[in-house]
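Engineer: For reference, the structure I am asking about is given below.
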Amino acid sequence: MTAKRILFIVGDFTEDLEIWVPFQALEAAGHQVFAVTPGKKPGETIRTAVHDGEGDQFFAEKRGHNFPLNADFDAVKTGDYDALVIPGGRAPEYLRMNPRVLEIIREFCGQGKPVASVCHGPLLLATAGVLKGRTLTAFPTLEPDVRAAGANWVGANEGYNNPVVDGNLVTVPAWSGHGPWLREFFKILGTKVEPCARPPPPPPPPPPRPPRAAPRRARPPPPRGP
């Protein structure tokens, strides 16, 4: 496997799990992974968000972890990277207003490079105008945006964990689908992940020994005559 250079476009209040999990999983697979955001430099951090269902009409939003940036947004050249990841959360709502963010996305898609996106991330793809004729999924509230962008919509299953692959594009409705989504992304990247071989089963225990027979008592000698 050849290690790839993979770019994440993120921002303050990106969904916590949607950046930490794929970033570290790709690193664990041996790839070089870089995260950038407009207006911040390497060594700075973004604040992430955590969204949970608590019985309200929409998910409650809470503070997540800080995530450290390790590359410079202003220095991004798409020719230096092999693939793009766009997490969800709140960040795509305002990142789509940045012309350079949209330009980077168009360059990756125009060059046919692998693109992976989760949850609200496809909002950036829709705004960049790269979805016409494509088939994908996203968080259910993005269905109008995806359809308006000319794409074919695939709804979420009950577990929100059904990835959709269309050529070099792989999407999933939410972070609950990280496992199958990453497996599909690994395939597109040419990353081979194999389960460890199971050790052989232990030998069966020896059969129980039969119980020992009680020792025979010696018969007393016959009595002697007078």
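Convention: chains lettered A, B, ... in structure tokens order; per-chain residue numbering from 1; ligands numbered from 1 as shown.
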Name the residues in contact with Gly133 of chain A at a cut-off of 12 Å, using only C-alpha atoms, excluding same-chain residues fewer than 6 positions from it; report them as a list in words.
Structural biologist: Ala126, Val146, Arg147, Ala148, Ala149, Gly150, Ala151, Asn152, Trp153, Asp166 and Gly167 of chain A
Engineer: Which residues are near segment 4-18 of chain A? Cut-off 7 Å, only C-alpha atoms, ignore same chain within fewer than 4 positions. Put them as a list in words.
Structural biologist: Pro22, His31, Gln32, Val33, Phe34, Ala35, Val36, Thr37, Ile46, Arg47, Thr48, Ala49, Val50, Gly64, His65, Tyr81, Asp82, Ala83, Leu84, Val85, Ile86, Pro87, Gly88, Gly89, Arg90, Ala91 and Trp175 of chain A
Engineer: Please extract the residues of segment 5-183 of chain A with a backbone DSSP assignment of alpha helix (DSSP H) and present them as an MDAnalysis selection string.
Structural biologist: chainID A and resid 16:28 91:95 99:110 122:128 143:148 178:183
Engineer: At a cut-off of 9 Å, using only C-alpha atoms, what residues contact Glu184 of chain A? Leave out same-chain residues fewer than 5 positions from it and give the result as a list in words.
Structural biologist: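 Returned residues: Pro163, Val164, Val165, Val170, Gly179 and Leu189 of chain A.
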Engineer: Would you write out those residues with N, CA and C atoms, as a PDB file, in the first residue's frame?
Structural biologist:
ATOM      1  N   PRO A 163     -23.400   3.676   4.203  1.00  0.00           N
ATOM      2  CA  PRO A 163     -22.588   4.474   3.285  1.00  0.00           C
ATOM      3  C   PRO A 163     -23.094   4.328   1.853  1.00  0.00           C
ATOM      4  N   VAL A 164     -22.874   5.367   1.069  1.00  0.00           N
ATOM      5  CA  VAL A 164     -23.219   5.344  -0.351  1.00  0.00           C
ATOM      6  C   VAL A 164     -21.954   5.670  -1.139  1.00  0.00           C
ATOM      7  N   VAL A 165     -21.616   4.816  -2.082  1.00  0.00           N
ATOM      8  CA  VAL A 165     -20.416   5.000  -2.899  1.00  0.00           C
ATOM      9  C   VAL A 165     -20.839   5.308  -4.324  1.00  0.00           C
ATOM     10  N   VAL A 170     -17.677   8.951  -1.433  1.00  0.00           N
ATOM     11  CA  VAL A 170     -18.324   8.093  -0.444  1.00  0.00           C
ATOM     12  C   VAL A 170     -18.897   8.973   0.662  1.00  0.00           C
ATOM     13  N   GLY A 179     -17.731   3.221  10.750  1.00  0.00           N
ATOM     14  CA  GLY A 179     -17.096   1.947  10.414  1.00  0.00           C
ATOM     15  C   GLY A 179     -17.279   1.566   8.952  1.00  0.00           C
ATOM     16  N   LEU A 189      -9.173   4.352  -1.594  1.00  0.00           N
ATOM     17  CA  LEU A 189      -7.778   4.769  -1.436  1.00  0.00           C
ATOM     18  C   LEU A 189      -6.795   3.656  -1.781  1.00  0.00           C
TER      19      LEU A 189
END
Engineer: When you look at Thr137 of chain A with a cut-off of 6 Å (counting only C-alpha atoms), what residues show up, excluding the ones that are within fewer than 3 positions of it in the same chain? I need them as a list of chain:residue names.
Structural biologist: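 With the cut-off at 6 Å, the set is A:Trp153, A:Val154, A:Thr171, A:Val172, A:Pro173.
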Engineer: Between atom CA of Lys40 of chain A and atom CA of Pro99 of chain A, what is the spacing in Å?
Structural biologist: 16.0 Å
Engineer: With only C-alpha atoms as the atoms that count, which of A:Asp145, A:Arg224, A:Gly177, A:Pro38 lies nearest to Met97 of chain A?
Structural biologist: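 Counting only C-alpha atoms, the residue closest to Met97 of chain A is A:Pro38.
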Engineer: DSSP says strand (DSSP E or B) for which residues of chain A? Put them as a ChimeraX atom specification?
Structural biologist: /A:5-9,14-15,32-36,45-52,60-68,83-86,89,115-118,135-136,152-153,164-166,169-172
Engineer: Give me a file of those residues, with N, CA and C atoms, as a CSV table (one decimal), in the first residue's frame.
Structural biologist:
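Final output, result_21.csv:
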chain,number,residue,atom,x,y,z
A,5,ARG,N,-1.6,11.3,1.0
A,5,ARG,CA,-1.7,12.5,1.7
A,5,ARG,C,-3.2,13.0,1.6
A,6,ILE,N,-3.8,13.1,2.8
A,6,ILE,CA,-5.3,13.3,2.9
A,6,ILE,C,-5.5,14.7,3.6
A,7,LEU,N,-6.4,15.5,3.0
A,7,LEU,CA,-6.7,16.8,3.5
A,7,LEU,C,-8.1,16.8,4.1
A,8,PHE,N,-8.2,17.3,5.3
A,8,PHE,CA,-9.5,17.6,6.0
A,8,PHE,C,-9.8,19.1,5.9
A,9,ILE,N,-10.9,19.5,5.5
A,9,ILE,CA,-11.4,20.9,5.6
A,9,ILE,C,-12.3,21.0,6.8
A,14,THR,N,-17.0,22.0,14.0
A,14,THR,CA,-17.1,20.7,13.3
A,14,THR,C,-17.5,19.7,14.3
A,15,GLU,N,-18.3,18.7,13.9
A,15,GLU,CA,-18.7,17.6,14.8
A,15,GLU,C,-17.5,16.9,15.3
A,32,GLN,N,-0.7,10.0,5.7
A,32,GLN,CA,-0.4,11.4,6.2
A,32,GLN,C,-1.7,12.2,6.1
A,33,VAL,N,-2.1,12.7,7.2
A,33,VAL,CA,-3.4,13.4,7.3
A,33,VAL,C,-3.2,14.8,7.8
A,34,PHE,N,-3.9,15.8,7.1
A,34,PHE,CA,-3.7,17.2,7.4
A,34,PHE,C,-5.1,17.9,7.6
A,35,ALA,N,-5.2,18.8,8.5
A,35,ALA,CA,-6.4,19.5,8.8
A,35,ALA,C,-6.1,21.0,8.7
A,36,VAL,N,-7.0,21.7,7.9
A,36,VAL,CA,-6.9,23.1,7.7
A,36,VAL,C,-8.2,23.8,7.9
A,45,THR,N,-5.9,25.8,17.2
A,45,THR,CA,-6.9,24.7,17.4
A,45,THR,C,-8.3,25.2,16.9
A,46,ILE,N,-9.2,24.3,16.6
A,46,ILE,CA,-10.6,24.6,16.4
A,46,ILE,C,-11.4,24.0,17.6
A,47,ARG,N,-12.5,24.6,17.9
A,47,ARG,CA,-13.4,24.0,18.9
A,47,ARG,C,-14.4,23.1,18.1
A,48,THR,N,-14.6,22.0,18.7
A,48,THR,CA,-15.6,21.1,18.1
A,48,THR,C,-16.9,21.1,18.8
A,49,ALA,N,-17.9,20.5,18.2
A,49,ALA,CA,-19.3,20.5,18.8
A,49,ALA,C,-19.7,19.0,18.9
A,50,VAL,N,-20.6,18.7,19.9
A,50,VAL,CA,-21.2,17.4,20.1
A,50,VAL,C,-22.7,17.6,20.0
A,51,HIS,N,-23.4,16.9,19.1
A,51,HIS,CA,-24.8,17.0,19.0
A,51,HIS,C,-25.4,15.7,19.5
A,52,ASP,N,-26.4,15.8,20.4
A,52,ASP,CA,-27.1,14.6,20.9
A,52,ASP,C,-28.6,14.8,21.0
A,60,ALA,N,-29.5,18.6,20.6
A,60,ALA,CA,-28.8,19.6,21.5
A,60,ALA,C,-27.4,19.7,21.1
A,61,GLU,N,-26.8,20.9,21.2
A,61,GLU,CA,-25.5,21.2,20.8
A,61,GLU,C,-24.6,21.5,22.1
A,62,LYS,N,-23.5,20.8,22.2
A,62,LYS,CA,-22.6,20.9,23.3
A,62,LYS,C,-21.2,21.1,22.9
A,63,ARG,N,-20.4,21.6,23.8
A,63,ARG,CA,-19.0,21.8,23.5
A,63,ARG,C,-18.2,20.5,23.4
A,64,GLY,N,-17.4,20.4,22.3
A,64,GLY,CA,-16.6,19.2,22.2
A,64,GLY,C,-15.1,19.5,22.6
A,65,HIS,N,-14.2,18.7,22.1
A,65,HIS,CA,-12.8,18.9,22.4
A,65,HIS,C,-12.2,19.9,21.4
A,66,ASN,N,-11.0,20.4,21.8
A,66,ASN,CA,-10.2,21.2,20.9
A,66,ASN,C,-9.5,20.3,19.9
A,67,PHE,N,-9.4,20.7,18.7
A,67,PHE,CA,-8.7,19.8,17.7
A,67,PHE,C,-7.6,20.7,17.1
A,68,PRO,N,-6.3,20.1,17.1
A,68,PRO,CA,-5.2,20.9,16.7
A,68,PRO,C,-5.0,20.8,15.1
A,83,ALA,N,-6.5,13.0,-1.5
A,83,ALA,CA,-7.9,12.8,-1.2
A,83,ALA,C,-8.4,13.9,-0.3
A,84,LEU,N,-9.7,14.0,-0.2
A,84,LEU,CA,-10.3,15.1,0.6
A,84,LEU,C,-11.4,14.5,1.5
A,85,VAL,N,-11.4,14.9,2.8
A,85,VAL,CA,-12.4,14.5,3.7
A,85,VAL,C,-13.1,15.8,4.2
A,86,ILE,N,-14.5,15.8,4.2
A,86,ILE,CA,-15.3,16.9,4.7
A,86,ILE,C,-16.2,16.4,5.8
A,89,GLY,N,-21.2,18.7,11.2
A,89,GLY,CA,-21.3,19.6,12.3
A,89,GLY,C,-21.8,21.0,11.8
A,115,VAL,N,-13.1,11.6,-2.5
A,115,VAL,CA,-13.7,12.5,-1.6
A,115,VAL,C,-14.7,11.8,-0.6
A,116,ALA,N,-14.5,12.0,0.7
A,116,ALA,CA,-15.4,11.4,1.7
A,116,ALA,C,-16.0,12.4,2.5
A,117,SER,N,-17.3,12.3,2.7
A,117,SER,CA,-18.0,13.3,3.5
A,117,SER,C,-19.1,12.6,4.4
A,118,VAL,N,-19.4,13.3,5.5
A,118,VAL,CA,-20.3,12.7,6.5
A,118,VAL,C,-21.2,13.7,7.0
A,135,THR,N,-24.8,10.4,-6.9
A,135,THR,CA,-25.7,9.7,-5.9
A,135,THR,C,-25.0,9.7,-4.6
A,136,LEU,N,-25.7,10.2,-3.6
A,136,LEU,CA,-25.1,10.3,-2.2
A,136,LEU,C,-26.2,10.3,-1.2
A,152,ASN,N,-28.8,12.6,-6.9
A,152,ASN,CA,-29.7,11.6,-6.5
A,152,ASN,C,-29.6,11.3,-5.0
A,153,TRP,N,-30.7,11.4,-4.3
A,153,TRP,CA,-30.7,11.3,-2.9
A,153,TRP,C,-31.0,9.9,-2.4
A,164,VAL,N,-22.9,5.4,1.1
A,164,VAL,CA,-23.2,5.3,-0.4
A,164,VAL,C,-22.0,5.7,-1.1
A,165,VAL,N,-21.6,4.8,-2.1
A,165,VAL,CA,-20.4,5.0,-2.9
A,165,VAL,C,-20.8,5.3,-4.3
A,166,ASP,N,-20.3,6.4,-4.9
A,166,ASP,CA,-20.5,6.7,-6.3
A,166,ASP,C,-19.2,7.1,-6.9
A,169,LEU,N,-16.6,9.1,-4.8
A,169,LEU,CA,-17.3,9.8,-3.7
A,169,LEU,C,-17.9,8.8,-2.7
A,170,VAL,N,-17.7,9.0,-1.4
A,170,VAL,CA,-18.3,8.1,-0.4
A,170,VAL,C,-18.9,9.0,0.7
A,171,THR,N,-20.2,8.8,1.0
A,171,THR,CA,-20.9,9.6,2.0
A,171,THR,C,-21.6,8.6,2.9
A,172,VAL,N,-22.0,9.2,4.1
A,172,VAL,CA,-22.7,8.5,5.1
A,172,VAL,C,-23.6,9.5,5.9
Engineer: Would you mind reading off the distance between atom CA of Ala197 of chain A and atom CA of Asn162 of chain A, one decimal, in Å?
Structural biologist: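 Atom CA of Ala197 of chain A sits 27.1 Å away from atom CA of Asn162 of chain A.
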Engineer: From the list A:His178, A:Glu158, A:Ala75, A:Gly110, which residue is nearest Trp20 of chain A when using only C-alpha atoms?
Structural biologist: A:His178
Engineer: Kindly indicate which residue among A:Tyr94, A:Gly121, A:Ile19, A:Ala25 lies nearest to Phe186 of chain A, using only C-alpha atoms for the distances.
Structural biologist: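 Of A:Tyr94, A:Gly121, A:Ile19, A:Ala25, the one nearest Phe186 of chain A is A:Ala25, counting only C-alpha atoms.
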Engineer: Can you work out the spacing between atom CA of Gly155 of chain A and atom CA of Pro114 of chain A in Å, to one decimal?
Structural biologist: 21.8 Å
Engineer: Please provide the set of residues having any atom within 8 Å of Glu107 of chain A, restricted to only C-alpha atoms, with same-chain residues fewer than 4 positions apart removed, written as JSON, numbers by chain.
Structural biologist: {"A": [78, 103, 111]}
Engineer: Neighbouring residues of Val130 of chain A were defined as those with any atom within 7 Å, considering only C-alpha atoms; residues of the same chain fewer than 4 positions away were excluded. Please report them as a count of residues only.
Structural biologist: 4
Engineer: Could you check the closest approach to Thr2 of chain A for each of A:Gly190, A:Gly112, A:Pro180, A:Gly129 and tell me which residue wins, using only C-alpha atoms?
Structural biologist: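 Closest residue, counting only C-alpha atoms: A:Gly190.
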Engineer: Taking into account only C-alpha atoms, which residue in the set A:Tyr160, A:Asn168, A:Glu93, A:Gly79 is nearest to Lys113 of chain A?
Structural biologist: A:Asn168
